[in-house]
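Only one structure is covered here, and it is reproduced in the block below.
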Amino acid sequence: MPKLENVNTTDVPSAIALGCRTMSSVFNTDDGNVPFFSSTVLPEAELRFSPAHSEAHVPGRHLNALLNAEDCTGIVLDEDVIEKHAKAAFLAYRGPVALPLNRQYIHGPVCNFIPHNIREGFHALYALVAHRQMPAAARLAERSIEDIFKYWDAERGWNRSILEDDHGLTVSDSTFIIGLARSIGPLVKYYRATQFDPALELALILKEKAVGAFFREDGAYDREIFGTHTHSTTCVMSSLAQLADVTDDMALLGTVRAFYDNGLWEIRDELGWVIEASGEDASPDRGEVNNTGDIVETALILAKHGFTDYYQDVERIVRCHILPSQLRDISFISDSPNPDGEDGKRNVADRHLGAFGFPAPYGHVPIENDHISFNMDIVGGAIGSLCEVHRNMVTSGNSGHRVNLLFDHETPQVSVSSPYTHDCLSIRVKDPGALWVRIPQWIDSKDVVLSGHSGRSVFSNGYLMLPDPPLNRPIDFGFPLAEDKLILRHRTRDINVEMAGDSVTGMSNFGAKLTFFDSL
């Protein structure tokens, strides 16, 4: 089957906008507009309720992404969409404790406590406080932190006897990494937004446990202690990076970097694909875009703190895996028979337009799999990460203007035309200040041909710096997109890739369906 059409691998804002459309279309009218969690599109097309992750999980992912997209791109959201997600998020907190709970069945009481979902609960509350100044969300977040201190201990874990026997909840077991550790990131976000000290206190307690027993100095990955759910590993990694950033903890950032450079390679490949589950029997090419987004967010923080080589990883991952894997061609999806008029079987193709899911590097369908799914939470994870990419493409500050990622982009200070969509990299500086342009590692800075600038320049820490660039005139940076070949070594096969700069021009696909690139 030929590669999919309409896949744009260069435009981050359009990917964000399309993902926001997806997240605005997943409400179950048969369930009071609580968003769907799970989905399949082949062999049958259906959206479904989850007794583990519907109200306790999806609203947090989507509110975090939608409201961040509004903040960083200016996209206009339908306020009714925010209200529906907020209502579902508050539903999860209607139980006897201020922890996100889920129903066992539609219209039933919230009763299932899965510590995994605390991250998503805080993401919902953080987003509503930071972007909608919602007092009820702030009160609930503070109560939730108080209840975690009440019912959880770093040595003994959750007090199951009270939660189960006194409060009647069903408590799920998990490793610390798959459970409460995941919430470090949104706790940091909540602290940034509110300066509520107990949020930072709890994040630090969780960090001490995470680095004391899991994220070691050697950066090793041990799936027996982390657990096989790889998204939990990557989101704790990015959470620790966020905490290091807000507290200026360079020792912690060093621990994150050690894991990024070592243990992370047990579950990722060169294009940022991450295996969905790390168990021995896991599908070898089935990934999860959430995980990839966590790598990107971590790399952006490492690069911000001077390790600028990590921008190269971000550029390659976004161009070669995240953007190609967004579902933009829905022509292969047909609605299933729906004699009972179930909402989960209506307009399934259109409601999936812009979704992210569980791709292989080469396409939507890993060759050992006989179905395709795009669980709705993954859309939120991917879009949240692309928002951070958008924020960091070009930055301006005390040292001048920095072009960190070579996408088409415009800010009030700088306009960038990408070498991937134009004849060369062209930059126009609109406000006075030094111009710093990241030079990809596959080109020698001495081979960059400058046009439109006759002044001095210096190469430092991966950037070509022009101390006094001309204003409101294009400066061209001429260099070819270097051709290269990669081999992605997955568990059961090698995947050959041909590259032009940081973009894929061809890839092995083994006869798979619904592929992203020209076949090698």
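Chain lettering (A, B, ...) mirrors the order of the structure tokens, residue numbering begins at 1 for each chain separately, and ligand numbering begins at 1 in order of display.
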*asked:* Can you pull out the residues contacting stretch 504-507 of chain A? Cut-off 10 Å, using only C-alpha atoms, and skip same-chain residues under 2 positions away; I want them as a ChimeraX atom specification.
replied: /A:9,271,316,319-321,324,361-363,483-488,495-502,509-510,515-520
_strand (DSSP E or B) positions in stretch 146-241 of chain A, given as a PyMOL selection string_ = chain A and resi 152-153+157-158+170-171+229
Next, write the just-selected residues to a file, as a PDB file, in the first residue's frame, keeping C-alpha atoms as the atom set.
ATOM      1  CA  TRP A 152       0.412   7.942  51.273  1.00  0.00           C
ATOM      2  CA  ASP A 153       3.825   7.485  52.863  1.00  0.00           C
ATOM      3  CA  GLY A 157       2.970   3.533  50.171  1.00  0.00           C
ATOM      4  CA  TRP A 158      -0.820   3.919  50.168  1.00  0.00           C
ATOM      5  CA  THR A 170     -11.024  -0.384  44.779  1.00  0.00           C
ATOM      6  CA  VAL A 171      -7.293   0.373  44.791  1.00  0.00           C
ATOM      7  CA  HIS A 229       4.630   0.768  30.997  1.00  0.00           C
TER       8      HIS A 229
END
_If we count only C-alpha atoms and set the cut-off at 9 Å, which residues sit around A:Gly168, ignoring sequence neighbours fewer than 3 positions away in its own chain? Please answer as an MDAnalysis selection string._
chainID A and resid 96 111 162:165
_Minimum-distance residue to A:Ala124, chosen among A:Pro43, A:Gly380, A:Leu77, A:Ser25 (using only C-alpha atoms)_ = A:Gly380
What are the closest atom pairs, with distances in Å to one decimal, for each residue of stretch 438-494 of chain A lying within 12 Å of stretch 295-303 of chain A, using only C-alpha atoms, rows by chain and rising residue number, as CSV?
residue,atom,partner,partner_atom,distance
A:Arg438,CA,A:Ala303,CA,11.3
A:Asn461,CA,A:Ala303,CA,10.7
A:Gly462,CA,A:Ala303,CA,10.7
*Counting only C-alpha atoms, which of A:Pro35, A:Gly293, A:Pro109, A:Gly263 gets nearest to A:Arg216?*
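Smallest separation from A:Arg216 among the options: A:Gly263.
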*asked:* I'd like the neighbourhood of A:Val58 as a ChimeraX atom specification, where a residue qualifies if any of its atoms comes within 10 Å (using only C-alpha atoms), though same-chain residues fewer than 5 positions away should be ignored.
replied: /A:23,26,34-38,53,63,85,88-89,117,120-121,124,375-381
*In stretch 248-442 of chain A, what's alpha helix (DSSP H) per DSSP? Answer as JSON, numbers by chain?*
{"A": [250, 251, 252, 253, 254, 255, 256, 257, 258, 259, 260, 261, 289, 290, 291, 292, 293, 294, 295, 296, 297, 298, 299, 300, 301, 302, 303, 304, 310, 311, 312, 313, 314, 315, 316, 317, 348, 349, 350, 351, 352, 376, 377, 378, 379, 380, 381, 382, 383, 384, 385, 386, 387, 388, 389, 390, 391, 392]}
*A:Val389: which residues within 10 Å, counting only C-alpha atoms, same-chain residues fewer than 2 positions away excluded, as a list in words?*
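These residues fall inside the cut-off: Val12, Pro13, Gly293, Val296, Glu297, Leu300, Tyr311, Val314, Glu315, Val318, Ile383, Gly384, Ser385, Leu386, Cys387, Arg391, Asn392, Met393, Val394, Asn404 and Leu405 of chain A.
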Go ahead and write the selection's residues with N, CA and C atoms as a PDB file, in the first residue's frame.
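As a result, part.pdb now contains:
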ATOM      1  N   VAL A  12       4.269  22.718  12.743  1.00  0.00           N
ATOM      2  CA  VAL A  12       3.853  22.426  14.110  1.00  0.00           C
ATOM      3  C   VAL A  12       2.531  23.111  14.463  1.00  0.00           C
ATOM      4  N   PRO A  13       2.331  24.398  14.134  1.00  0.00           N
ATOM      5  CA  PRO A  13       1.044  25.028  14.497  1.00  0.00           C
ATOM      6  C   PRO A  13      -0.167  24.325  13.899  1.00  0.00           C
ATOM      7  N   GLY A 293       6.868  12.353  23.057  1.00  0.00           N
ATOM      8  CA  GLY A 293       6.717  13.733  23.500  1.00  0.00           C
ATOM      9  C   GLY A 293       7.476  14.016  24.787  1.00  0.00           C
ATOM     10  N   VAL A 296      11.059  14.689  23.976  1.00  0.00           N
ATOM     11  CA  VAL A 296      11.204  16.039  23.438  1.00  0.00           C
ATOM     12  C   VAL A 296      11.185  17.081  24.550  1.00  0.00           C
ATOM     13  N   GLU A 297      10.232  16.983  25.482  1.00  0.00           N
ATOM     14  CA  GLU A 297      10.154  17.968  26.556  1.00  0.00           C
ATOM     15  C   GLU A 297      11.403  17.934  27.437  1.00  0.00           C
ATOM     16  N   LEU A 300      14.341  19.566  25.513  1.00  0.00           N
ATOM     17  CA  LEU A 300      14.239  21.020  25.487  1.00  0.00           C
ATOM     18  C   LEU A 300      14.773  21.644  26.772  1.00  0.00           C
ATOM     19  N   TYR A 311      18.906  20.001  21.156  1.00  0.00           N
ATOM     20  CA  TYR A 311      17.986  20.554  20.171  1.00  0.00           C
ATOM     21  C   TYR A 311      17.990  19.723  18.890  1.00  0.00           C
ATOM     22  N   VAL A 314      15.573  16.978  19.322  1.00  0.00           N
ATOM     23  CA  VAL A 314      14.208  17.484  19.225  1.00  0.00           C
ATOM     24  C   VAL A 314      13.810  17.664  17.761  1.00  0.00           C
ATOM     25  N   GLU A 315      14.667  18.330  17.000  1.00  0.00           N
ATOM     26  CA  GLU A 315      14.347  18.596  15.592  1.00  0.00           C
ATOM     27  C   GLU A 315      14.086  17.303  14.841  1.00  0.00           C
ATOM     28  N   VAL A 318      10.741  15.448  16.073  1.00  0.00           N
ATOM     29  CA  VAL A 318       9.488  16.095  15.664  1.00  0.00           C
ATOM     30  C   VAL A 318       9.262  15.903  14.170  1.00  0.00           C
ATOM     31  N   ILE A 383       0.022  16.787  21.856  1.00  0.00           N
ATOM     32  CA  ILE A 383      -0.176  18.220  21.628  1.00  0.00           C
ATOM     33  C   ILE A 383       0.486  19.044  22.731  1.00  0.00           C
ATOM     34  N   GLY A 384       0.416  18.577  23.961  1.00  0.00           N
ATOM     35  CA  GLY A 384       1.112  19.284  25.035  1.00  0.00           C
ATOM     36  C   GLY A 384       2.601  19.404  24.753  1.00  0.00           C
ATOM     37  N   SER A 385       3.209  18.337  24.239  1.00  0.00           N
ATOM     38  CA  SER A 385       4.633  18.365  23.918  1.00  0.00           C
ATOM     39  C   SER A 385       4.921  19.278  22.735  1.00  0.00           C
ATOM     40  N   LEU A 386       4.051  19.261  21.714  1.00  0.00           N
ATOM     41  CA  LEU A 386       4.253  20.156  20.570  1.00  0.00           C
ATOM     42  C   LEU A 386       4.123  21.619  20.975  1.00  0.00           C
ATOM     43  N   CYS A 387       3.326  21.907  21.991  1.00  0.00           N
ATOM     44  CA  CYS A 387       3.265  23.276  22.501  1.00  0.00           C
ATOM     45  C   CYS A 387       4.625  23.721  23.033  1.00  0.00           C
ATOM     46  N   ARG A 391       6.984  26.812  21.700  1.00  0.00           N
ATOM     47  CA  ARG A 391       7.511  27.869  22.573  1.00  0.00           C
ATOM     48  C   ARG A 391       9.019  28.031  22.431  1.00  0.00           C
ATOM     49  N   ASN A 392       9.720  26.954  22.102  1.00  0.00           N
ATOM     50  CA  ASN A 392      11.173  26.969  22.126  1.00  0.00           C
ATOM     51  C   ASN A 392      11.824  27.069  20.752  1.00  0.00           C
ATOM     52  N   MET A 393      11.028  27.177  19.690  1.00  0.00           N
ATOM     53  CA  MET A 393      11.627  27.290  18.357  1.00  0.00           C
ATOM     54  C   MET A 393      12.551  28.493  18.260  1.00  0.00           C
ATOM     55  N   VAL A 394      12.031  29.638  18.669  1.00  0.00           N
ATOM     56  CA  VAL A 394      12.789  30.888  18.681  1.00  0.00           C
ATOM     57  C   VAL A 394      12.555  31.556  20.028  1.00  0.00           C
ATOM     58  N   ASN A 404      16.492  28.159  17.696  1.00  0.00           N
ATOM     59  CA  ASN A 404      16.884  26.852  18.233  1.00  0.00           C
ATOM     60  C   ASN A 404      16.464  25.695  17.333  1.00  0.00           C
ATOM     61  N   LEU A 405      15.319  25.836  16.668  1.00  0.00           N
ATOM     62  CA  LEU A 405      14.778  24.787  15.809  1.00  0.00           C
ATOM     63  C   LEU A 405      14.462  25.404  14.449  1.00  0.00           C
TER      64      LEU A 405
END
